[in-house]
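> Please find protein.tsv (TSV, C-alpha atoms) on the next line:
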chain	number	residue	atom	x	y	z
A	1	MET	CA	28.38	-12.66	-27.15
A	2	ASP	CA	29.11	-15.08	-24.30
A	3	LEU	CA	31.74	-12.74	-22.85
A	4	LEU	CA	29.54	-9.69	-23.25
A	5	SER	CA	26.62	-11.49	-21.63
A	6	HIS	CA	28.85	-12.66	-18.78
A	7	ASP	CA	30.02	-9.09	-18.08
A	8	ILE	CA	26.51	-7.64	-18.25
A	9	GLN	CA	25.14	-10.32	-15.90
A	10	ASN	CA	27.95	-9.58	-13.44
A	11	ASN	CA	26.90	-5.94	-13.50
A	12	ASN	CA	23.27	-6.98	-13.10
A	13	GLN	CA	24.30	-9.10	-10.12
A	14	ALA	CA	25.91	-6.11	-8.43
A	15	ILE	CA	22.93	-3.81	-9.12
A	16	LEU	CA	20.43	-6.40	-7.87
A	17	SER	CA	22.43	-7.04	-4.71
A	18	TYR	CA	22.75	-3.34	-3.91
A	19	LEU	CA	19.01	-2.90	-4.45
A	20	GLU	CA	18.49	-5.77	-2.02
A	21	LEU	CA	20.71	-3.98	0.46
A	22	ILE	CA	18.58	-0.82	0.12
A	23	MET	CA	15.40	-2.86	0.64
A	24	SER	CA	16.77	-4.61	3.71
A	25	THR	CA	18.29	-1.53	5.36
A	26	PRO	CA	16.33	-0.64	8.51
A	27	GLY	CA	14.64	2.73	8.17
A	28	THR	CA	14.17	2.58	4.40
A	29	ASP	CA	10.77	4.15	3.79
A	30	SER	CA	8.05	2.22	1.99
A	31	ARG	CA	8.17	4.36	-1.16
A	32	THR	CA	11.92	3.87	-1.60
A	33	ARG	CA	11.46	0.17	-0.92
A	34	ARG	CA	8.73	-0.02	-3.59
A	35	TYR	CA	10.91	1.78	-6.15
A	36	ALA	CA	13.81	-0.54	-5.36
A	37	GLU	CA	11.54	-3.59	-5.75
A	38	LYS	CA	10.33	-2.34	-9.12
A	39	ALA	CA	13.91	-1.68	-10.26
A	40	ALA	CA	14.92	-5.19	-9.13
A	41	SER	CA	11.96	-6.68	-10.98
A	42	GLN	CA	12.88	-4.83	-14.20
A	43	LEU	CA	16.48	-5.90	-13.84
A	44	ARG	CA	15.53	-9.58	-13.48
A	45	THR	CA	13.38	-9.28	-16.58
A	46	GLY	CA	16.24	-7.69	-18.49
A	47	ALA	CA	18.52	-10.50	-17.36
A	48	VAL	CA	16.11	-13.11	-18.76
A	49	LEU	CA	15.88	-11.26	-22.06
A	50	LEU	CA	19.67	-11.07	-22.25
A	51	GLU	CA	19.96	-14.79	-21.58
A	52	ASN	CA	17.43	-15.40	-24.35
A	53	VAL	CA	19.43	-13.21	-26.74
A	54	ARG	CA	22.55	-15.19	-25.92
A	55	LYS	CA	20.83	-18.55	-26.39
A	56	THR	CA	19.27	-17.48	-29.66
A	57	VAL	CA	22.51	-16.13	-31.04
A	58	ASP	CA	24.10	-19.48	-30.12
A	59	ALA	CA	21.24	-21.34	-31.79
A	60	ILE	CA	21.50	-19.23	-34.93
A	61	LYS	CA	25.28	-19.61	-35.05
A	62	ALA	CA	25.13	-23.37	-34.74
A	63	SER	CA	24.95	-24.61	-38.28
A	64	GLY	CA	22.78	-27.67	-38.61
A	65	ARG	CA	21.38	-26.98	-35.16
A	66	THR	CA	19.51	-29.76	-33.48
A	67	MET	CA	15.77	-29.62	-33.70
A	68	PHE	CA	13.61	-32.11	-31.88
A	69	SER	CA	10.02	-32.73	-30.90
A	70	VAL	CA	8.76	-30.58	-28.06
A	71	ASP	CA	5.53	-30.83	-26.06
A	72	ALA	CA	4.19	-27.29	-26.40
A	73	ILE	CA	1.87	-27.66	-23.40
A	74	SER	CA	4.74	-28.67	-21.12
A	75	ALA	CA	6.94	-25.87	-22.49
A	76	LEU	CA	4.12	-23.39	-21.84
A	77	ALA	CA	3.64	-24.69	-18.29
A	78	GLU	CA	7.37	-24.25	-17.57
A	79	ALA	CA	7.32	-20.73	-19.05
A	80	GLU	CA	4.25	-19.79	-16.98
A	81	ALA	CA	5.84	-21.07	-13.77
A	82	LYS	CA	8.99	-19.06	-14.46
A	83	LEU	CA	6.98	-15.94	-15.39
A	84	ILE	CA	5.35	-15.72	-11.97
A	85	THR	CA	8.74	-15.72	-10.24
A	86	LEU	CA	10.00	-12.87	-12.44
A	87	PHE	CA	7.29	-10.41	-11.40
A	88	PRO	CA	6.77	-10.82	-7.65
A	89	ASP	CA	5.23	-7.33	-7.48
A	90	ARG	CA	2.54	-8.01	-10.12
A	91	GLN	CA	-0.61	-10.08	-9.82
A	92	ILE	CA	-0.45	-12.28	-12.87
A	93	SER	CA	-3.04	-14.86	-13.84
A	94	VAL	CA	-2.52	-17.07	-16.86
A	95	ASN	CA	-5.46	-19.07	-18.12
A	96	THR	CA	-4.54	-21.72	-20.68
A	97	VAL	CA	-7.67	-22.97	-22.43
A	98	LYS	CA	-7.73	-26.75	-22.42
A	99	PHE	CA	-6.36	-28.25	-25.62
A	100	THR	CA	-7.00	-31.97	-26.00
A	101	GLU	CA	-5.18	-32.60	-29.26
A	102	ASP	CA	-1.57	-33.56	-29.89
A	103	PRO	CA	0.66	-30.70	-28.62
A	104	ILE	CA	3.91	-31.90	-30.24
A	105	VAL	CA	5.80	-29.33	-32.33
A	106	LEU	CA	9.19	-28.99	-33.98
A	107	GLY	CA	11.34	-27.18	-31.46
A	108	SER	CA	14.69	-26.87	-29.78
A	109	GLU	CA	16.18	-25.80	-26.48
A	110	ILE	CA	14.91	-22.26	-27.10
A	111	THR	CA	11.21	-23.17	-27.38
A	112	ARG	CA	10.47	-22.63	-23.70
A	113	ASP	CA	12.54	-19.43	-23.72
A	114	LEU	CA	10.60	-18.14	-26.70
A	115	LEU	CA	7.30	-18.66	-24.87
A	116	LEU	CA	8.70	-17.11	-21.70
A	117	ASN	CA	10.05	-14.18	-23.69
A	118	VAL	CA	6.62	-13.49	-25.18
A	119	LEU	CA	4.89	-13.79	-21.80
A	120	VAL	CA	7.44	-11.43	-20.22
A	121	ASN	CA	6.85	-8.91	-22.99
A	122	VAL	CA	3.08	-9.18	-22.66
A	123	VAL	CA	3.32	-8.45	-18.92
A	124	GLN	CA	5.65	-5.52	-19.58
A	125	LEU	CA	3.32	-4.06	-22.21
A	126	ASP	CA	0.38	-4.32	-19.80
A	127	SER	CA	0.62	-1.36	-17.44
A	128	GLY	CA	-1.96	-2.66	-14.94
A	129	GLU	CA	-1.08	-3.96	-11.50
A	130	LYS	CA	-3.19	-7.05	-12.25
A	131	VAL	CA	-2.36	-8.88	-15.46
A	132	SER	CA	-4.72	-11.41	-16.97
A	133	VAL	CA	-3.44	-13.49	-19.88
A	134	THR	CA	-5.39	-16.08	-21.86
A	135	ILE	CA	-3.59	-18.68	-23.94
A	136	ARG	CA	-5.34	-20.65	-26.66
A	137	LEU	CA	-3.83	-23.47	-28.70
A	138	GLU	CA	-5.28	-24.24	-32.10
A	139	ASN	CA	-4.35	-26.20	-35.18
A	140	ALA	CA	-3.59	-24.00	-38.19
A	141	GLU	CA	-2.64	-24.49	-41.83
A	142	ARG	CA	-0.54	-22.03	-43.80
A	143	LEU	CA	0.80	-22.57	-47.30
A	144	GLY	CA	0.35	-26.32	-47.01
A	145	GLN	CA	2.24	-26.52	-43.74
A	146	SER	CA	0.61	-27.65	-40.48
A	147	TYR	CA	1.23	-25.51	-37.42
A	148	LEU	CA	0.20	-25.35	-33.81
A	149	ARG	CA	-0.92	-21.78	-33.18
A	150	ILE	CA	-0.31	-20.47	-29.67
A	151	ARG	CA	-2.38	-17.35	-29.18
A	152	ILE	CA	-1.50	-15.24	-26.14
A	153	GLU	CA	-4.16	-12.60	-25.39
A	154	ASP	CA	-4.12	-9.72	-22.96
A	155	ARG	CA	-7.06	-7.32	-22.95
A	156	ALA	CA	-4.92	-4.56	-21.46
A	157	MET	CA	-1.92	-4.88	-23.80
A	158	MET	CA	-1.94	-2.16	-26.42
A	159	LEU	CA	0.28	-2.55	-29.46
A	160	PRO	CA	0.67	0.14	-32.12
A	161	PRO	CA	-1.59	-0.63	-35.14
A	162	ILE	CA	1.42	-0.85	-37.45
A	163	LEU	CA	2.60	-3.92	-35.58
A	164	LYS	CA	-0.55	-5.88	-36.34
A	165	GLY	CA	0.20	-8.69	-38.72
A	166	ASP	CA	3.43	-10.49	-39.43
A	167	LEU	CA	6.01	-8.86	-37.15
A	168	SER	CA	9.02	-10.08	-39.09
A	169	GLU	CA	7.76	-8.19	-42.15
A	170	THR	CA	6.83	-4.93	-40.44
A	171	ALA	CA	9.75	-4.66	-38.02
A	172	SER	CA	12.18	-3.25	-40.56
A	173	THR	CA	9.80	-0.43	-41.52
A	174	LEU	CA	9.44	0.96	-37.99
A	175	ASP	CA	11.11	4.08	-36.63
A	176	PRO	CA	13.86	2.72	-34.34
A	177	SER	CA	13.09	5.35	-31.69
A	178	LYS	CA	9.59	3.91	-31.34
A	179	THR	CA	10.62	0.27	-31.22
A	180	VAL	CA	12.69	0.23	-28.02
A	181	LYS	CA	9.75	-0.94	-25.90
A	182	LEU	CA	8.89	-3.52	-28.53
A	183	ALA	CA	12.42	-4.85	-28.98
A	184	GLY	CA	11.55	-7.93	-26.94
A	185	LEU	CA	8.75	-8.86	-29.32
A	186	MET	CA	11.02	-8.27	-32.32
A	187	PHE	CA	13.45	-10.63	-30.73
A	188	ALA	CA	10.76	-13.21	-30.06
A	189	SER	CA	9.86	-12.96	-33.73
A	190	LEU	CA	13.47	-13.78	-34.62
A	191	MET	CA	13.47	-16.71	-32.19
A	192	THR	CA	10.30	-18.06	-33.81
A	193	GLU	CA	11.92	-17.85	-37.24
A	194	THR	CA	14.87	-19.94	-36.05
A	195	LEU	CA	12.33	-22.65	-35.16
A	196	GLY	CA	10.81	-22.50	-38.64
A	197	GLY	CA	7.68	-20.84	-37.29
A	198	ARG	CA	5.80	-17.59	-37.77
A	199	PHE	CA	5.06	-14.75	-35.39
A	200	GLU	CA	2.14	-12.35	-35.54
A	201	ALA	CA	0.54	-9.59	-33.53
A	202	ASP	CA	-3.25	-9.24	-33.62
A	203	GLU	CA	-6.17	-7.57	-31.91
A	204	ALA	CA	-7.52	-9.53	-28.95
A	205	VAL	CA	-11.03	-8.83	-30.28
A	206	LYS	CA	-11.31	-8.60	-34.05
A	207	GLY	CA	-12.14	-5.07	-35.17
A	208	ASP	CA	-11.73	-3.51	-31.72
A	209	SER	CA	-8.26	-2.05	-31.29
A	210	SER	CA	-9.14	-0.75	-27.81
A	211	ALA	CA	-9.77	-4.23	-26.41
A	212	GLY	CA	-6.19	-5.35	-26.07
A	213	SER	CA	-3.85	-7.37	-28.24
A	214	ALA	CA	-2.78	-10.90	-28.93
A	215	ILE	CA	0.49	-12.48	-29.97
A	216	GLN	CA	0.27	-15.53	-32.20
A	217	ILE	CA	3.15	-17.96	-32.44
A	218	TYR	CA	2.94	-20.60	-35.14
A	219	LEU	CA	5.13	-23.61	-34.43
A	220	ARG	CA	5.54	-26.36	-36.98
A	221	ARG	CA	3.50	-29.47	-36.27
A	222	LEU	CA	5.03	-32.85	-35.69
A	223	ALA	CA	2.98	-36.01	-35.46
A	224	ARG	CA	3.60	-37.95	-32.24
A	225	LYS	CA	5.48	-41.15	-33.03
B	1	MET	CA	29.67	-19.20	12.35
B	2	THR	CA	29.65	-20.57	8.78
B	3	SER	CA	32.91	-19.88	6.97
B	4	VAL	CA	33.07	-19.06	3.26
B	5	LEU	CA	35.66	-18.95	0.49
B	6	ILE	CA	34.63	-16.67	-2.40
B	7	VAL	CA	35.96	-17.43	-5.89
B	8	ASP	CA	35.18	-14.94	-8.69
B	9	ASP	CA	37.36	-13.08	-11.18
B	10	GLU	CA	35.55	-9.75	-10.74
B	11	LEU	CA	36.83	-7.72	-7.80
B	12	PHE	CA	33.55	-5.82	-7.41
B	13	ILE	CA	31.61	-9.08	-7.21
B	14	VAL	CA	34.02	-10.53	-4.63
B	15	GLU	CA	33.75	-7.36	-2.53
B	16	LEU	CA	29.97	-7.36	-2.86
B	17	TYR	CA	29.57	-10.99	-1.73
B	18	ARG	CA	32.05	-10.40	1.09
B	19	ASP	CA	30.26	-7.28	2.37
B	20	ILE	CA	26.81	-8.82	2.25
B	21	LEU	CA	27.85	-12.17	3.71
B	22	GLN	CA	29.67	-10.47	6.56
B	23	LEU	CA	26.61	-8.28	7.21
B	24	ARG	CA	24.54	-11.46	7.39
B	25	GLY	CA	26.87	-13.01	9.94
B	26	TYR	CA	29.06	-15.23	7.75
B	27	LYS	CA	32.81	-15.43	8.12
B	28	VAL	CA	34.66	-14.87	4.84
B	29	VAL	CA	37.91	-16.78	5.29
B	30	GLY	CA	39.36	-16.14	1.86
B	31	THR	CA	38.93	-14.89	-1.68
B	32	ALA	CA	40.38	-16.03	-5.00
B	33	PHE	CA	40.19	-14.60	-8.50
B	34	ASP	CA	40.64	-17.76	-10.56
B	35	GLY	CA	40.35	-21.52	-10.16
B	36	GLU	CA	44.04	-22.13	-9.66
B	37	GLU	CA	44.33	-19.53	-6.91
B	38	ALA	CA	41.27	-21.07	-5.26
B	39	ILE	CA	42.90	-24.53	-5.22
B	40	ARG	CA	46.16	-23.10	-3.90
B	41	LYS	CA	44.45	-21.23	-1.09
B	42	TYR	CA	42.22	-24.17	-0.29
B	43	ARG	CA	45.14	-26.59	-0.04
B	44	SER	CA	47.21	-24.27	2.13
B	45	SER	CA	44.43	-23.40	4.57
B	46	ASP	CA	44.42	-25.19	7.90
B	47	GLN	CA	40.74	-24.53	8.47
B	48	LYS	CA	38.74	-25.53	5.39
B	49	PRO	CA	35.73	-23.31	4.63
B	50	ASP	CA	32.26	-24.70	5.27
B	51	VAL	CA	31.14	-23.43	1.86
B	52	ILE	CA	32.85	-22.31	-1.34
B	53	ILE	CA	31.02	-19.88	-3.62
B	54	MET	CA	32.42	-20.67	-7.05
B	55	ASP	CA	32.09	-18.68	-10.29
B	56	HIS	CA	32.63	-20.48	-13.60
B	57	ARG	CA	34.10	-18.24	-16.26
B	58	MET	CA	37.49	-17.18	-14.89
B	59	PRO	CA	41.00	-16.85	-16.32
B	60	VAL	CA	43.66	-19.56	-15.83
B	61	MET	CA	41.21	-22.22	-14.61
B	62	ASN	CA	37.42	-22.23	-14.73
B	63	GLY	CA	35.06	-23.06	-11.88
B	64	VAL	CA	34.16	-26.57	-13.02
B	65	GLU	CA	37.80	-27.66	-13.16
B	66	ALA	CA	38.55	-26.02	-9.81
B	67	THR	CA	35.52	-27.71	-8.23
B	68	LYS	CA	36.64	-31.13	-9.50
B	69	GLU	CA	40.13	-30.57	-8.11
B	70	ILE	CA	38.91	-29.38	-4.71
B	71	LEU	CA	36.46	-32.27	-4.39
B	72	ARG	CA	39.19	-34.72	-5.31
B	73	ALA	CA	41.11	-33.41	-2.31
B	74	ASN	CA	38.05	-33.29	-0.06
B	75	PRO	CA	34.91	-35.06	-1.33
B	76	THR	CA	32.77	-33.61	1.49
B	77	GLN	CA	33.53	-29.98	0.64
B	78	LYS	CA	30.33	-28.01	-0.09
B	79	VAL	CA	30.47	-25.92	-3.26
B	80	ILE	CA	27.74	-23.52	-4.40
B	81	PHE	CA	28.18	-22.74	-8.06
B	82	VAL	CA	27.17	-19.33	-9.42
B	83	SER	CA	27.32	-18.46	-13.08
B	84	ALA	CA	25.76	-16.20	-15.69
B	85	ASP	CA	25.83	-19.19	-18.02
B	86	VAL	CA	22.91	-21.47	-17.17
B	87	MET	CA	24.15	-23.99	-19.73
B	88	VAL	CA	26.96	-24.91	-17.36
B	89	GLU	CA	24.65	-26.10	-14.57
B	90	LYS	CA	24.78	-29.79	-15.46
B	91	GLU	CA	28.55	-29.71	-15.80
B	92	ALA	CA	28.83	-27.97	-12.42
B	93	ARG	CA	26.57	-30.49	-10.69
B	94	ASP	CA	28.42	-33.38	-12.34
B	95	ALA	CA	31.65	-31.91	-11.00
B	96	GLY	CA	30.13	-32.05	-7.51
B	97	ALA	CA	28.59	-28.65	-6.88
B	98	ILE	CA	25.81	-29.06	-4.36
B	99	GLU	CA	23.81	-26.04	-5.55
B	100	PHE	CA	23.65	-23.86	-8.66
B	101	LEU	CA	22.50	-20.24	-8.87
B	102	PRO	CA	22.23	-18.41	-12.21
B	103	LYS	CA	23.44	-14.81	-12.13
B	104	PRO	CA	21.89	-12.44	-11.37
B	105	PHE	CA	20.42	-14.04	-8.25
B	106	ARG	CA	18.95	-12.61	-5.06
B	107	MET	CA	21.41	-12.67	-2.18
B	108	ASP	CA	18.51	-13.97	-0.08
B	109	ASP	CA	18.48	-17.07	-2.29
B	110	LEU	CA	22.20	-17.56	-1.75
B	111	ILE	CA	21.83	-17.11	2.01
B	112	GLU	CA	18.93	-19.58	2.02
B	113	LYS	CA	21.01	-22.20	0.23
B	114	MET	CA	23.95	-21.59	2.55
B	115	ALA	CA	21.74	-21.95	5.60
B	116	LYS	CA	20.33	-25.20	4.22
B	117	ILE	CA	23.82	-26.53	3.59
B	118	SER	CA	25.18	-25.55	6.98
B	119	THR	CA	22.29	-27.24	8.81
B	120	SER	CA	22.45	-30.42	6.70
Written as structure tokens, that's how I'd like the structure from this file.


Amino acid sequence: MDLLSHDIQNNNQAILSYLELIMSTPGTDSRTRRYAEKAASQLRTGAVLLENVRKTVDAIKASGRTMFSVDAISALAEAEAKLITLFPDRQISVNTVKFTEDPIVLGSEITRDLLLNVLVNVVQLDSGEKVSVTIRLENAERLGQSYLRIRIEDRAMMLPPILKGDLSETASTLDPSKTVKLAGLMFASLMTETLGGRFEADEAVKGDSSAGSAIQIYLRRLARK
Amino acid sequence: MTSVLIVDDELFIVELYRDILQLRGYKVVGTAFDGEEAIRKYRSSDQKPDVIIMDHRMPVMNGVEATKEILRANPTQKVIFVSADVMVEKEARDAGAIEFLPKPFRMDDLIEKMAKISTS
């Protein structure tokens, strides 16, 4: 995986650099420049997803991997900051609703990447030029286990109805030809599982499938020592 | 004119950096395809490059080892580390790399870092 990732990123490097050359060549018309910028933006996103795949595969491979306490609010802030740099051609606003309780969860080095991965996918699944994302943190209990639920809502993100619910359970039933665009979310679901959490897709507004979607990540709670 | 030594095991990457850097007014004084070749060329050059662009994953000797060796010979040598593996950043900085860029990066970012280094 490391070798494969290395080779792909080298190819990505070449493509990105040649796109930069097109953009900086005098006389390039504005439409060509815009297409090149969009291609470069998509390529950078793909590169982040690839890096996340590599990290997750490493994390899964590592038996007895190290888990530690992670401040979910800090991890979210880092992911948000990185997100903005990945889409210079989109107007993205992320509103994290203030959460005053303990934000400590069981995590690992992939926690921030998981959150970034979800945010990247939300932006990609929102076709608007302006993207408005709301993040809510809430305490949640499931089967006697305490979780911190991170709910990421986008009123312009439309997910197929079949995806609503627990993604890890529905993923295997989907037609592969229809899941390409959703592969990133499938992967985020896998990342969440490696952290002992749960991953769900939901409607942004209950009962109104036309009002956007939400992704819910449940991370296991840890009491602050 | 800032002079550059490019070290990367992929020919197309070396050619790409060389073409773009030359277009931007940099002088590419040498190229190497692994860490050992980089050290050999560095040692034998009369005029040391202002900056070395160093990849990590290469045959024979990786970028971290090559950086350590070059900085042992010349502790003031400026090395910009570039790698697809972000996990190697700490190791690269500990070895003495002054900057780290994860691949794929914008050439503008590389140029910016090189300009910062050459004016410092």

> Identify every residue of chain A that has at least one atom within 6 Å of any atom of chain B, counting all atoms listed in the file, and report the result as a PyMOL selection string.

chain A and resi 6+9+12-13

> At a cut-off of 6 Å, using only C-alpha atoms, what residues contact stretch 181-197 of chain A? Leave out same-chain residues fewer than 3 positions from it and give the result as a ChimeraX atom specification.

/A:107,114,218-220

> Excluding B:Ala73 and any residue of its chain fewer than 4 positions from it, enumerate the residues within 12 Å of it, using only C-alpha atoms, and give them as a list of chain:residue names.

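So, after excluding close chain neighbours, the residues are B:Ile39, B:Arg40, B:Tyr42, B:Arg43, B:Ser44, B:Lys48, B:Ala66, B:Thr67, B:Lys68, B:Glu69, B:Gln77.
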
> As JSON, please report the centre and edge lengths, rounded to one decimal in Å, of the axis-aligned box that holds all listed atoms of stretch 3-13 of chain A with 5 Å of padding on each of the six sides.


{"center_x": 27.5, "center_y": -9.3, "center_z": -16.7, "size_x": 18.5, "size_y": 16.8, "size_z": 23.1}

> List every protein, DNA or RNA residue that has an atom no more than 6 Å from (33.9, -25.1, 0.4) in the file's coordinate frame, counting only C-alpha atoms, and report them as a VMD selection string.

chain B and resid 49 to 52 77 to 79

> Distance atom CA of A:Arg221-atom CA of A:Ile104, one decimal place?

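Interatomic distance, atom CA of A:Arg221 to atom CA of A:Ile104: 6.5 Å.
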
> Record the distance separating atom CA of B:Phe33 and atom CA of B:Asp55, expressed in Å with one decimal.

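Between atom CA of B:Phe33 and atom CA of B:Asp55 the gap is 9.2 Å.
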
> Would you be able to write out as a ChimeraX atom specification which residues have an atom within 7 Å of (22.8, -21.1, -6.7) in the file's coordinates, counting all atoms listed in the file?

/B:80-82,99-102,110

> Can you write just those residues out, C-alpha atoms, as a short mmCIF file (atom, residue, chain, number, x, y, z; two decimals), keeping the file's coordinate frame?


data_model
loop_
_atom_site.label_atom_id
_atom_site.label_comp_id
_atom_site.auth_asym_id
_atom_site.auth_seq_id
_atom_site.Cartn_x
_atom_site.Cartn_y
_atom_site.Cartn_z
CA ILE B 80 27.74 -23.52 -4.40
CA PHE B 81 28.18 -22.74 -8.06
CA VAL B 82 27.17 -19.33 -9.42
CA GLU B 99 23.81 -26.04 -5.55
CA PHE B 100 23.65 -23.86 -8.66
CA LEU B 101 22.50 -20.24 -8.87
CA PRO B 102 22.23 -18.41 -12.21
CA LEU B 110 22.20 -17.56 -1.75
#

> Tell me, in Å to one decimal, how far atom CA of A:Pro103 is from atom CA of A:Val70.

8.1 Å

> Write out as a ChimeraX atom specification which residues come within 12 Å of A:Ser210 when counting all atoms listed in the file, dropping same-chain ones fewer than 5 positions away.

/A:154-161,202-205

> Neighbours of A:Thr100 within 12 Å (only C-alpha atoms; same-chain residues fewer than 4 positions away dropped), as a PyMOL selection string?

chain A and resi 73+96+104+136-139

> Check the smallest atom-to-atom distance from each of A:Leu116, A:Leu86, A:Leu3, A:Leu125 to A:Arg44 using only C-alpha atoms, then report the winner.

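Ranked by minimum distance to A:Arg44, first place goes to A:Leu86.
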